[in-house]
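Dumped entry18.txt below, it's compact mmCIF, C-alpha atoms:
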# COMPACT_ATOMS: atom_id res chain seq x y z
CA MET A 18 -4.90 -11.80 11.59
CA LYS A 19 -4.86 -12.32 15.36
CA ALA A 20 -3.51 -8.82 16.03
CA SER A 21 -6.43 -7.29 14.14
CA ILE A 22 -9.03 -9.46 15.92
CA ARG A 23 -7.87 -8.83 19.48
CA PRO A 24 -8.95 -5.16 19.72
CA GLY A 25 -12.32 -6.27 18.40
CA LEU A 26 -12.54 -8.92 21.11
CA VAL A 27 -11.72 -6.39 23.83
CA LEU A 28 -14.35 -3.98 22.47
CA ALA A 29 -16.95 -6.75 22.32
CA LEU A 30 -16.25 -7.74 25.94
CA CYS A 31 -16.45 -4.08 26.99
CA LEU A 32 -19.82 -3.80 25.28
CA TYR A 33 -21.03 -6.97 27.01
CA ALA A 34 -19.99 -5.65 30.43
CA GLY A 35 -21.61 -2.29 29.77
CA VAL A 36 -24.92 -3.74 28.61
CA ARG A 37 -24.99 -6.24 31.47
CA THR A 38 -24.39 -3.49 34.01
CA LEU A 39 -27.08 -1.31 32.46
CA LEU A 40 -29.56 -4.16 32.71
CA LEU A 41 -28.63 -4.70 36.35
CA CYS A 42 -28.98 -0.98 37.07
CA ASN A 43 -32.54 -0.82 35.73
CA GLY A 44 -34.75 -0.76 38.80
CA PHE A 45 -31.95 -2.01 41.05
CA GLN A 46 -31.13 1.30 42.70
CA ILE A 47 -34.73 2.34 43.36
CA GLU A 48 -34.93 0.21 46.49
CA LEU A 49 -31.31 0.44 47.56
CA ILE A 50 -30.97 4.25 47.55
CA ASP A 51 -33.91 4.48 49.98
CA GLN A 52 -32.46 5.87 53.22
CA ARG A 53 -34.18 3.04 55.11
CA ALA A 54 -31.97 0.59 53.20
CA MET A 55 -28.79 1.82 54.88
CA ASN A 56 -26.59 -1.24 55.57
CA LEU A 57 -29.31 -3.56 54.27
CA TRP A 58 -27.38 -4.69 51.17
CA PHE A 59 -24.65 -6.84 52.77
CA ASP A 60 -23.84 -4.03 55.23
CA ALA A 61 -23.10 -1.53 52.43
CA ASP A 62 -24.10 2.09 53.05
CA ILE A 63 -25.47 2.59 49.53
CA PRO A 64 -27.86 5.49 50.33
CA ARG A 65 -24.99 7.53 51.80
CA VAL A 66 -22.70 6.82 48.84
CA PHE A 67 -25.46 7.76 46.42
CA ASP A 68 -25.77 11.11 48.20
CA VAL A 69 -22.00 11.58 47.93
CA MET A 70 -22.22 11.05 44.18
CA VAL A 71 -25.08 13.48 43.57
CA ASP A 72 -24.97 16.11 46.35
CA ARG A 73 -22.01 18.46 46.73
CA LEU A 74 -23.33 19.56 50.12
CA GLY A 75 -23.87 16.01 51.39
CA ASP A 76 -21.80 14.04 53.87
CA HIS A 77 -18.35 13.54 52.34
CA GLY A 78 -16.70 12.70 55.62
CA SER A 79 -15.35 9.27 54.59
CA SER A 80 -12.49 10.86 52.62
CA PHE A 81 -10.03 9.57 55.22
CA LYS A 82 -10.42 6.07 53.74
CA HIS A 83 -11.77 6.98 50.27
CA PRO A 84 -9.35 9.82 49.46
CA VAL A 85 -10.82 11.43 46.33
CA PHE A 86 -13.89 9.31 45.65
CA SER A 87 -16.17 12.31 46.17
CA LEU A 88 -14.34 14.39 43.58
CA LEU A 89 -13.99 11.61 40.99
CA SER A 90 -17.59 10.41 41.28
CA TRP A 91 -19.50 13.66 41.82
CA SER A 92 -17.80 15.55 38.96
CA PRO A 93 -19.02 13.37 36.03
CA VAL A 94 -22.43 12.90 37.66
CA ALA A 95 -22.80 16.66 38.08
CA LEU A 96 -21.77 17.18 34.45
CA LEU A 97 -24.42 14.71 33.27
CA ALA A 98 -27.00 16.25 35.59
CA SER A 99 -26.28 19.70 34.12
CA ALA A 100 -27.32 18.26 30.76
CA GLY A 101 -30.73 17.41 32.23
CA ILE A 102 -30.06 13.75 33.03
CA PRO A 103 -31.75 12.62 36.30
CA ASP A 104 -29.39 11.81 39.17
CA ARG A 105 -30.17 8.09 39.17
CA ASP A 106 -29.52 7.79 35.43
CA ALA A 107 -26.32 9.82 35.74
CA VAL A 108 -25.04 7.48 38.44
CA SER A 109 -26.00 4.47 36.31
CA THR A 110 -24.08 5.96 33.38
CA LEU A 111 -20.98 6.28 35.55
CA LEU A 112 -21.36 2.69 36.76
CA VAL A 113 -21.68 1.46 33.17
CA ALA A 114 -18.56 3.42 32.16
CA ASN A 115 -16.67 1.88 35.08
CA ALA A 116 -17.76 -1.64 34.06
CA ILE A 117 -16.60 -1.00 30.49
CA LEU A 118 -13.18 0.18 31.72
CA PHE A 119 -12.94 -2.82 34.05
CA ALA A 120 -13.68 -5.31 31.25
CA GLY A 121 -11.30 -3.54 28.87
CA LEU A 122 -8.40 -3.59 31.32
CA PHE A 123 -9.05 -7.13 32.49
CA SER A 124 -9.33 -8.67 29.01
CA SER A 125 -6.23 -6.74 27.88
CA TYR A 126 -4.29 -8.14 30.83
CA LEU A 127 -5.35 -11.68 29.94
CA LEU A 128 -4.20 -11.19 26.36
CA ALA A 129 -0.92 -9.80 27.70
CA LEU A 130 -0.55 -13.08 29.62
CA LYS A 131 -0.83 -14.78 26.21
CA LEU A 132 -4.17 -16.37 26.95
CA ASP A 133 -5.97 -17.35 23.76
CA MET A 134 -9.05 -15.41 22.74
CA PHE A 135 -11.50 -18.16 23.70
CA ARG A 136 -10.28 -18.42 27.28
CA THR A 137 -10.00 -14.62 27.52
CA ALA A 138 -13.64 -14.26 26.47
CA CYS A 139 -14.84 -17.04 28.79
CA LEU A 140 -13.07 -15.68 31.86
CA THR A 141 -14.09 -12.06 31.22
CA ILE A 142 -17.73 -13.09 30.78
CA MET A 143 -17.50 -15.16 33.96
CA CYS A 144 -16.27 -12.06 35.81
CA VAL A 145 -19.28 -10.10 34.56
CA GLU A 146 -21.65 -12.92 35.57
CA SER A 147 -20.00 -13.47 38.95
CA ALA A 148 -21.64 -12.86 42.30
CA ALA A 149 -19.27 -9.97 43.05
CA PHE A 150 -20.00 -8.18 39.77
CA GLN A 151 -23.76 -8.67 39.87
CA SER A 152 -23.96 -7.68 43.53
CA PHE A 153 -21.82 -4.54 43.50
CA PHE A 154 -21.02 -3.21 40.02
CA ALA A 155 -24.56 -1.90 39.45
CA VAL A 156 -25.04 -0.19 42.80
CA PRO A 157 -23.71 3.21 43.91
CA GLU A 158 -20.84 2.14 46.15
CA THR A 159 -17.08 2.59 46.25
CA PHE A 160 -16.43 -1.11 45.59
CA PRO A 161 -16.90 -1.27 41.78
CA PHE A 162 -14.62 1.73 41.31
CA GLY A 163 -12.16 0.27 43.80
CA ALA A 164 -12.03 -2.97 41.79
CA THR A 165 -11.16 -1.02 38.64
CA THR A 166 -8.43 0.94 40.40
CA VAL A 167 -6.95 -2.34 41.66
CA LEU A 168 -6.57 -3.28 37.99
CA ILE A 169 -5.10 0.12 37.12
CA GLY A 170 -2.63 -0.33 39.96
CA LEU A 171 -1.41 -3.55 38.34
CA LEU A 172 -0.71 -1.78 35.02
CA PRO A 173 3.11 -1.56 35.46
CA ALA A 174 3.29 -5.32 36.10
CA ALA A 175 0.96 -6.12 33.17
CA PHE A 176 3.07 -4.17 30.67
CA PRO A 177 6.52 -3.87 32.29
CA GLY A 178 8.19 -2.84 29.02
CA ARG A 179 6.11 0.35 28.98
CA ALA A 180 6.22 0.99 32.72
CA LYS A 181 8.12 4.26 32.79
CA LEU A 182 7.98 6.68 35.71
CA PRO A 183 4.73 8.44 34.63
CA VAL A 184 2.93 5.08 34.28
CA LYS A 185 4.17 3.84 37.64
CA SER A 186 3.23 7.10 39.37
CA ALA A 187 -0.22 7.14 37.76
CA ALA A 188 -0.80 3.50 38.75
CA ILE A 189 0.02 4.21 42.39
CA ALA A 190 -2.12 7.36 42.39
CA ALA A 191 -5.08 5.53 40.85
CA SER A 192 -4.84 2.63 43.28
CA LEU A 193 -4.89 5.09 46.20
CA ALA A 194 -7.68 7.31 44.85
CA ILE A 195 -10.77 5.31 45.83
CA THR A 196 -9.74 3.19 48.84
CA ILE A 197 -6.49 3.59 50.76
CA THR A 198 -5.86 -0.14 51.20
CA ASN A 199 -5.93 -0.65 47.44
CA VAL A 200 -2.71 1.35 47.05
CA TRP A 201 -0.98 -1.93 47.87
CA SER A 202 -1.75 -3.14 44.33
CA GLY A 203 0.12 -0.20 42.78
CA LEU A 204 3.08 -0.49 45.13
CA VAL A 205 3.44 -4.26 44.63
CA ALA A 206 3.10 -3.94 40.84
CA VAL A 207 5.89 -1.35 40.69
CA ALA A 208 8.05 -3.49 42.99
CA ALA A 209 7.42 -6.57 40.81
CA THR A 210 8.83 -4.85 37.73
CA ARG A 211 12.07 -4.21 39.59
CA LEU A 212 12.26 -7.63 41.22
CA ARG A 213 12.69 -9.28 37.84
CA GLU A 214 15.54 -6.95 36.94
CA THR A 215 17.47 -7.64 40.16
CA GLU A 216 17.38 -11.44 40.26
CA THR A 217 21.19 -11.71 40.22
CA LEU A 218 21.69 -9.39 43.21
CA GLY A 219 22.01 -10.44 46.83
CA PHE A 220 19.05 -10.15 49.18
CA THR A 221 20.07 -6.86 50.83
CA ARG A 222 21.01 -5.14 47.58
CA ARG A 223 17.83 -6.43 45.96
CA VAL A 224 15.63 -5.04 48.73
CA ARG A 225 17.40 -1.69 48.51
CA ALA A 226 17.01 -1.57 44.72
CA VAL A 227 13.30 -2.41 44.89
CA GLY A 228 12.70 0.16 47.63
CA THR A 229 14.48 2.84 45.63
CA ALA A 230 12.47 1.98 42.51
CA VAL A 231 9.17 2.26 44.41
CA ALA A 232 9.99 5.42 46.38
CA LEU A 233 9.85 8.06 43.62
CA PRO A 234 6.62 6.81 41.93
CA ALA A 235 5.04 6.51 45.39
CA ILE A 236 6.00 10.09 46.27
CA ILE A 237 4.69 11.45 42.95
CA GLY A 238 1.50 9.36 43.11
CA GLY A 239 0.83 10.25 46.74
CA THR A 240 1.47 13.94 46.10
CA THR A 241 -0.95 13.87 43.17
CA ILE A 242 -3.72 12.47 45.38
CA LEU A 243 -2.89 14.98 48.11
CA ILE A 244 -3.31 17.86 45.64
CA LEU A 245 -6.62 16.43 44.43
CA ALA A 246 -7.72 15.99 48.05
CA LEU A 247 -6.92 19.64 48.77
CA ALA A 248 -9.06 20.65 45.79
CA GLN A 249 -11.81 18.30 46.95
CA ASP A 250 -11.71 19.87 50.42
CA GLN A 251 -12.44 23.26 48.85
CA ILE A 252 -15.29 21.99 46.65
CA PHE A 253 -17.14 19.91 49.25
CA SER A 254 -17.99 21.67 52.47
CA ARG A 255 -18.23 18.43 54.45
CA ALA A 256 -15.17 16.63 53.11
CA GLY A 257 -12.14 15.82 55.22
CA MET A 258 -8.55 15.16 54.26
CA PHE A 259 -7.52 11.54 53.82
CA VAL A 260 -4.43 12.15 55.97
CA ASN A 261 -6.45 11.83 59.18
CA PRO A 262 -4.92 9.46 61.75
CA ARG A 263 -7.70 10.12 64.26
CA ALA A 264 -10.43 9.13 61.82
CA LEU A 265 -8.46 6.08 60.70
CA ALA A 266 -8.07 5.06 64.34
CA GLY A 267 -11.85 4.98 64.52
CA GLU A 268 -11.81 2.10 62.04
CA SER A 269 -10.59 -0.07 64.92
CA GLN A 270 -14.26 -0.72 65.69
CA PHE A 271 -14.30 -2.98 62.61
CA LEU A 272 -11.29 -5.01 63.78
CA THR A 273 -12.13 -8.36 65.34
CA TRP A 274 -9.61 -10.98 66.40
CA ALA A 275 -11.75 -14.12 66.30
CA PRO A 276 -9.84 -17.04 64.75
CA SER A 277 -12.94 -19.23 65.08
CA THR A 278 -14.61 -17.11 62.34
CA TRP A 279 -11.67 -17.29 59.94
CA PRO A 280 -12.75 -20.43 58.07
CA GLU A 281 -16.16 -18.91 57.27
CA ARG A 282 -14.63 -15.54 56.36
CA ALA A 283 -11.98 -17.23 54.20
CA LEU A 284 -14.73 -19.10 52.33
CA ALA A 285 -16.51 -15.80 51.66
CA LEU A 286 -13.30 -14.15 50.46
CA VAL A 287 -12.03 -17.00 48.25
CA SER A 288 -15.30 -18.24 46.76
CA GLY A 289 -17.49 -15.19 47.30
CA PRO A 290 -16.24 -13.30 44.24
CA TRP A 291 -17.62 -16.08 42.03
CA PHE A 292 -20.81 -17.39 43.59
CA VAL A 293 -22.89 -17.45 46.77
CA GLY A 294 -25.33 -20.15 47.74
CA ASP A 295 -28.13 -17.91 48.96
CA ALA A 296 -28.87 -14.71 50.85
CA SER A 297 -30.70 -14.51 54.14
CA LEU A 298 -32.06 -11.58 56.11
CA VAL A 299 -30.56 -11.28 59.57
CA ALA A 300 -32.31 -9.16 62.18
CA THR A 301 -30.24 -6.24 63.51
CA HIS A 302 -30.73 -3.31 65.82
CA ALA A 303 -32.55 -0.81 63.64
CA SER A 304 -31.48 2.82 63.72
CA GLY A 305 -33.59 5.81 62.79
CA ARG A 306 -32.25 5.62 59.23
CA SER A 307 -32.39 1.94 58.42
CA VAL A 308 -34.52 -1.17 58.56
CA GLY A 309 -33.77 -3.79 61.19
CA TYR A 310 -32.29 -6.31 58.74
CA VAL A 311 -29.06 -6.94 56.89
CA LEU A 312 -28.52 -9.37 54.03
CA ALA A 313 -25.92 -12.03 54.70
CA PRO A 314 -24.49 -14.53 52.19
CA ARG A 315 -24.73 -18.23 53.00
CA TRP A 316 -23.19 -21.39 51.60
CA THR A 317 -25.43 -24.26 52.65
CA GLY A 318 -25.39 -27.91 51.73
CA GLY A 319 -22.97 -30.20 49.97
CA PRO A 320 -23.33 -28.81 46.41
CA ASP A 321 -22.53 -25.27 47.54
CA LEU A 322 -19.46 -26.42 49.45
CA LEU A 323 -18.28 -28.51 46.49
CA LEU A 324 -18.60 -25.54 44.14
CA ALA A 325 -16.85 -23.30 46.68
CA GLY A 326 -14.07 -25.88 46.93
CA ALA A 327 -13.75 -26.00 43.14
CA TRP A 328 -13.20 -22.22 43.01
CA ALA A 329 -10.70 -22.44 45.85
CA VAL A 330 -8.74 -25.09 43.95
CA LEU A 331 -8.84 -23.08 40.71
CA THR A 332 -7.65 -19.90 42.41
CA ILE A 333 -5.05 -21.39 44.73
CA SER A 334 -3.57 -23.57 41.99
CA GLY A 335 -3.14 -20.44 39.89
CA ALA A 336 -1.48 -18.62 42.79
CA LEU A 337 0.93 -21.52 43.38
CA ALA A 338 1.74 -21.70 39.68
CA SER A 339 2.50 -17.98 39.49
CA LEU A 340 4.77 -18.05 42.55
CA ARG A 341 6.56 -21.16 41.37
CA ARG A 342 7.27 -20.06 37.84
CA GLU A 343 7.63 -16.29 38.37
CA ARG A 344 7.25 -16.02 34.61
CA SER A 345 5.04 -12.96 34.83
CA GLN A 346 5.30 -9.85 36.96
CA LEU A 347 1.51 -9.50 36.68
CA LEU A 348 0.82 -12.96 38.09
CA PHE A 349 3.35 -12.46 40.85
CA ALA A 350 1.90 -9.06 41.83
CA ALA A 351 -1.71 -10.30 41.67
CA THR A 352 -0.86 -13.24 43.93
CA ILE A 353 0.85 -11.08 46.57
CA VAL A 354 -1.99 -8.53 46.60
CA TRP A 355 -4.67 -11.28 46.68
CA ILE A 356 -3.04 -12.99 49.67
CA SER A 357 -2.62 -9.65 51.45
CA PHE A 358 -6.26 -8.63 50.93
CA ILE A 359 -7.54 -11.97 52.23
CA ALA A 360 -5.27 -11.75 55.28
CA LEU A 361 -6.50 -8.20 55.98
CA HIS A 362 -10.20 -9.04 55.73
CA LEU A 363 -9.97 -12.08 57.97
CA PHE A 364 -10.10 -9.62 60.85
CA TYR A 365 -11.12 -6.28 59.28
CA GLY A 366 -14.63 -5.44 58.14
CA PRO A 367 -18.11 -6.35 59.40
CA GLU A 368 -19.10 -8.53 56.42
CA PRO A 369 -16.30 -10.08 54.30
CA PHE A 370 -18.60 -10.37 51.28
CA LEU A 371 -18.48 -6.56 51.11
CA PHE A 372 -14.93 -6.72 49.79
CA VAL A 373 -15.26 -9.42 47.12
CA ALA A 374 -15.42 -6.83 44.33
CA HIS A 375 -11.83 -5.81 45.17
CA LEU A 376 -10.77 -9.47 45.16
CA LEU A 377 -12.55 -10.34 41.89
CA PRO A 378 -9.93 -9.07 39.38
CA LEU A 379 -7.08 -10.55 41.41
CA ALA A 380 -8.73 -13.96 41.75
CA ALA A 381 -9.64 -13.98 38.05
CA ILE A 382 -6.03 -13.30 37.02
CA LEU A 383 -4.95 -16.24 39.18
CA VAL A 384 -7.60 -18.51 37.66
CA ALA A 385 -6.23 -17.55 34.24
CA SER A 386 -2.84 -19.01 35.22
CA SER A 387 -4.26 -22.16 36.78
CA PRO A 388 -3.20 -25.44 35.11
CA LEU A 389 -6.87 -26.47 35.52
CA PHE A 390 -7.93 -23.72 33.09
CA THR A 391 -6.29 -25.34 30.11
CA GLY A 392 -6.05 -28.58 28.18
CA ARG A 393 -8.29 -31.48 29.16
CA ALA A 394 -9.38 -29.79 32.39
CA LEU A 395 -10.83 -26.81 30.49
CA PRO A 396 -14.33 -28.31 29.91
CA LEU A 397 -14.64 -28.96 33.66
CA ALA A 398 -13.63 -25.35 34.41
CA LEU A 399 -16.20 -24.08 31.91
CA GLY A 400 -18.86 -26.23 33.56
CA ILE A 401 -17.97 -24.63 36.91
CA PHE A 402 -18.26 -21.22 35.22
CA ILE A 403 -21.73 -21.90 33.83
CA LEU A 404 -23.09 -23.32 37.09
CA SER A 405 -21.64 -20.42 39.10
CA ALA A 406 -23.08 -17.82 36.72
CA TYR A 407 -26.52 -19.40 37.01
CA LYS A 408 -26.35 -19.54 40.81
CA SER A 409 -25.07 -15.96 41.00
CA SER A 410 -28.01 -14.64 38.97
CA ALA A 411 -30.43 -16.59 41.17
CA PHE A 412 -28.66 -15.28 44.28
CA VAL A 413 -28.98 -11.62 43.20
CA LEU A 414 -32.65 -12.04 42.26
CA GLU A 415 -33.35 -13.64 45.63
CA ALA A 416 -31.47 -10.87 47.44
CA ARG A 417 -33.46 -8.17 45.61
CA THR A 418 -36.71 -9.90 46.52
CA GLN A 419 -35.71 -9.93 50.17
CA VAL A 420 -34.79 -6.24 50.03
CA GLU A 421 -38.24 -5.40 48.68
CA TRP A 422 -39.87 -7.49 51.42
CA ALA A 423 -37.77 -5.83 54.15
CA LEU A 424 -38.70 -2.32 52.98
CA LYS A 425 -42.39 -3.17 52.66
CA SER A 426 -42.45 -4.74 56.10
CA LEU A 427 -41.98 -1.37 57.79
Represent the structure of the file as structure tokens.
Amino acid sequence: MKASIRPGLVLALCLYAGVRTLLLCNGFQIELIDQRAMNLWFDADIPRVFDVMVDRLGDHGSSFKHPVFSLLSWSPVALLASAGIPDRDAVSTLLVANAILFAGLFSSYLLALKLDMFRTACLTIMCVESAAFQSFFAVPETFPFGATTVLIGLLPAAFPGRAKLPVKSAAIAASLAITITNVWSGLVAVAATRLRETETLGFTRRVRAVGTAVALPAIIGGTTILILALAQDQIFSRAGMFVNPRALAGESQFLTWAPSTWPERALALVSGPWFVGDASLVATHASGRSVGYVLAPRWTGGPDLLLAGAWAVLTISGALASLRRERSQLLFAATIVWISFIALHLFYGPEPFLFVAHLLPLAAILVASSPLFTGRALPLALGIFILSAYKSSAFVLEARTQVEWALKSL
């Protein structure tokens, strides 16, 4: 009976994510694709990314860090546009499809972890109602697609029994396709499948065995993306190759070594995927293409900090449980990637909230393994879910109102 119900549950959760994203898309992009809104939405360059998705002759110069995003996003949008669908609706359709794939993969992973259907449904719905999902999955940006490819990268660890060479290679290629830093999820997932098989070996032999196991899938996956990038370079006149050390070196402008900011950035990275207290407009130096404001997330007051602390406890307790038990390659891989991403964004990136979409699936997998998400503690966790979902919806509505005000103030 259970085996026949589970596909139905996954399909229902996919439908929920798709409908929710469609509702968020309605009217959402009208303000944000305005060229004056460049960097306004939490420092995201949504107008530029929208142009990438709809205009083959637009500026595709960010391929050095988003290897084949132009090819993978423009192609389906162009196909829909050729059928007479307006650009904005075509982009929304692609965003909805991405949300459906995200929910399908995530709920399948939870079921693979042997979570019961009730907790699988609750946690998947919480992901869809989270601040990260509502803020980024319905806007034309690389982040929602990057979050899905993080999940695809974890595929070998989620189903290690089926993780043959083609699956491992495809997982690494997918995790590299949208954002270069996300390739870490594919590499760690492939390594995790081998770690379990080499537990009886010594340290040196184990490292050598894991390295050997990762090398061939990494070469095949990387070569696949390189071939796609070469094709992309021919299709888009203003695209560059992702193997571009000079362009990558330019990213150093976003590196800041300021330990005094780490506590605030860590709060945004650990709790930000789930909820944000409020959004405030911060005055900036306006350029010729943007308004002189940027939205910034804020956690103010005792209740916000308590809720943030609750999410930190849920997530960190799940990470500790997964490292201690090592009962699942998926939990182990998700923990390593989650820790690595947080460490990276403590000093890389202008606004840490920008990257919470990439952290969302990892944090949610860790929450699934938390001892506080089961037994007598479950009602408390569900209460945290409901409160966070409510605050996230209020946060996004407030942020949209402030965007409208900023654009009208010009």
What gap, in Å, lies between CA of Ala264 in chain A and CA of His83 in chain A?
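So the two atoms, CA of Ala264 in chain A and CA of His83 in chain A, lie 11.8 Å apart.
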Please provide the set of residues having any atom within 7 Å of Val231 in chain A, restricted to only C-alpha atoms, with same-chain residues fewer than 4 positions apart removed, written as a list in words.
Leu204, Val207, Ala208, Val227 and Ala235 of chain A
Taking 6 positions as the minimum chain separation for residues in the same chain, which residues sit within 12 Å of Leu379 in chain A when counting only C-alpha atoms? Answer as an mmCIF file with C-alpha atoms, in the frame of the given file.
data_model
loop_
_atom_site.group_PDB
_atom_site.id
_atom_site.type_symbol
_atom_site.label_atom_id
_atom_site.label_comp_id
_atom_site.auth_asym_id
_atom_site.auth_seq_id
_atom_site.Cartn_x
_atom_site.Cartn_y
_atom_site.Cartn_z
ATOM 1 C CA PHE A 123 -9.050 -7.130 32.490
ATOM 2 C CA TYR A 126 -4.290 -8.140 30.830
ATOM 3 C CA LEU A 127 -5.350 -11.680 29.940
ATOM 4 C CA CYS A 144 -16.270 -12.060 35.810
ATOM 5 C CA ALA A 164 -12.030 -2.970 41.790
ATOM 6 C CA THR A 165 -11.160 -1.020 38.640
ATOM 7 C CA THR A 166 -8.430 0.940 40.400
ATOM 8 C CA VAL A 167 -6.950 -2.340 41.660
ATOM 9 C CA LEU A 168 -6.570 -3.280 37.990
ATOM 10 C CA ILE A 169 -5.100 0.120 37.120
ATOM 11 C CA GLY A 170 -2.630 -0.330 39.960
ATOM 12 C CA LEU A 171 -1.410 -3.550 38.340
ATOM 13 C CA ASN A 199 -5.930 -0.650 47.440
ATOM 14 C CA SER A 202 -1.750 -3.140 44.330
ATOM 15 C CA LEU A 286 -13.300 -14.150 50.460
ATOM 16 C CA VAL A 287 -12.030 -17.000 48.250
ATOM 17 C CA PRO A 290 -16.240 -13.300 44.240
ATOM 18 C CA TRP A 291 -17.620 -16.080 42.030
ATOM 19 C CA THR A 332 -7.650 -19.900 42.410
ATOM 20 C CA ILE A 333 -5.050 -21.390 44.730
ATOM 21 C CA GLY A 335 -3.140 -20.440 39.890
ATOM 22 C CA ALA A 336 -1.480 -18.620 42.790
ATOM 23 C CA LEU A 347 1.510 -9.500 36.680
ATOM 24 C CA LEU A 348 0.820 -12.960 38.090
ATOM 25 C CA PHE A 349 3.350 -12.460 40.850
ATOM 26 C CA ALA A 350 1.900 -9.060 41.830
ATOM 27 C CA ALA A 351 -1.710 -10.300 41.670
ATOM 28 C CA THR A 352 -0.860 -13.240 43.930
ATOM 29 C CA ILE A 353 0.850 -11.080 46.570
ATOM 30 C CA VAL A 354 -1.990 -8.530 46.600
ATOM 31 C CA TRP A 355 -4.670 -11.280 46.680
ATOM 32 C CA ILE A 356 -3.040 -12.990 49.670
ATOM 33 C CA SER A 357 -2.620 -9.650 51.450
ATOM 34 C CA PHE A 358 -6.260 -8.630 50.930
ATOM 35 C CA ILE A 359 -7.540 -11.970 52.230
ATOM 36 C CA VAL A 373 -15.260 -9.420 47.120
ATOM 37 C CA ALA A 385 -6.230 -17.550 34.240
ATOM 38 C CA SER A 386 -2.840 -19.010 35.220
#
Name the residues, using the chain letters and numbers of the file, that sit within 10 Å of (-1.2, 7.5, 41.8) when counting only C-alpha atoms, and give them as a list in words.
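These residues have at least one counted atom within 10 Å: Thr166, Ile169, Gly170, Pro183, Val184, Lys185, Ser186, Ala187, Ala188, Ile189, Ala190, Ala191, Ser192, Leu193, Ala194, Val200, Gly203, Leu204, Pro234, Ala235, Ile236, Ile237, Gly238, Gly239, Thr240, Thr241, Ile242 and Leu243 of chain A.
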CA of Ala29 in chain A and CA of Gln346 in chain A are how many Å apart?
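If I compute the distance from CA of Ala29 in chain A to CA of Gln346 in chain A, I get 26.8 Å.
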Contacts of Phe59 in chain A at 9 Å (all atoms listed in the file; same-chain gap of 6+ positions) as a short mmCIF file (atom, residue, chain, number, x, y, z; two decimals) with C-alpha atoms, keeping the file's coordinate frame:
data_model
loop_
_atom_site.label_atom_id
_atom_site.label_comp_id
_atom_site.auth_asym_id
_atom_site.auth_seq_id
_atom_site.Cartn_x
_atom_site.Cartn_y
_atom_site.Cartn_z
CA VAL A 311 -29.06 -6.94 56.89
CA LEU A 312 -28.52 -9.37 54.03
CA ALA A 313 -25.92 -12.03 54.70
CA PRO A 314 -24.49 -14.53 52.19
CA GLU A 368 -19.10 -8.53 56.42
CA PHE A 370 -18.60 -10.37 51.28
CA LEU A 371 -18.48 -6.56 51.11
#
Residues of range 84-185 of chain A at most 7 Å from range 406-419 of chain A: nearest atom pair and distance in Å, all atoms listed in the file, as JSON lines:
{"residue": "A:Met143", "atom": "CA", "partner": "A:Ala406", "partner_atom": "CA", "distance": 6.8}
{"residue": "A:Glu146", "atom": "CA", "partner": "A:Ala406", "partner_atom": "CA", "distance": 5.2}
{"residue": "A:Ser147", "atom": "CA", "partner": "A:Ala406", "partner_atom": "CA", "distance": 5.8}
{"residue": "A:Ala148", "atom": "CA", "partner": "A:Ser409", "partner_atom": "CA", "distance": 4.8}
{"residue": "A:Gln151", "atom": "CA", "partner": "A:Val413", "partner_atom": "CA", "distance": 6.9}
{"residue": "A:Ser152", "atom": "CA", "partner": "A:Val413", "partner_atom": "CA", "distance": 6.4}
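Distances here use only C-alpha atoms; by that measure, the residue among A:Trp91, A:Ile142, A:Ser426, A:Lys82 closest to Ile195 in chain A is A:Lys82.
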Between A:Val71, A:Ala360, A:Ile382, A:Leu40, which has the minimum distance to Pro103 in chain A (counting all atoms listed in the file)?
A:Val71
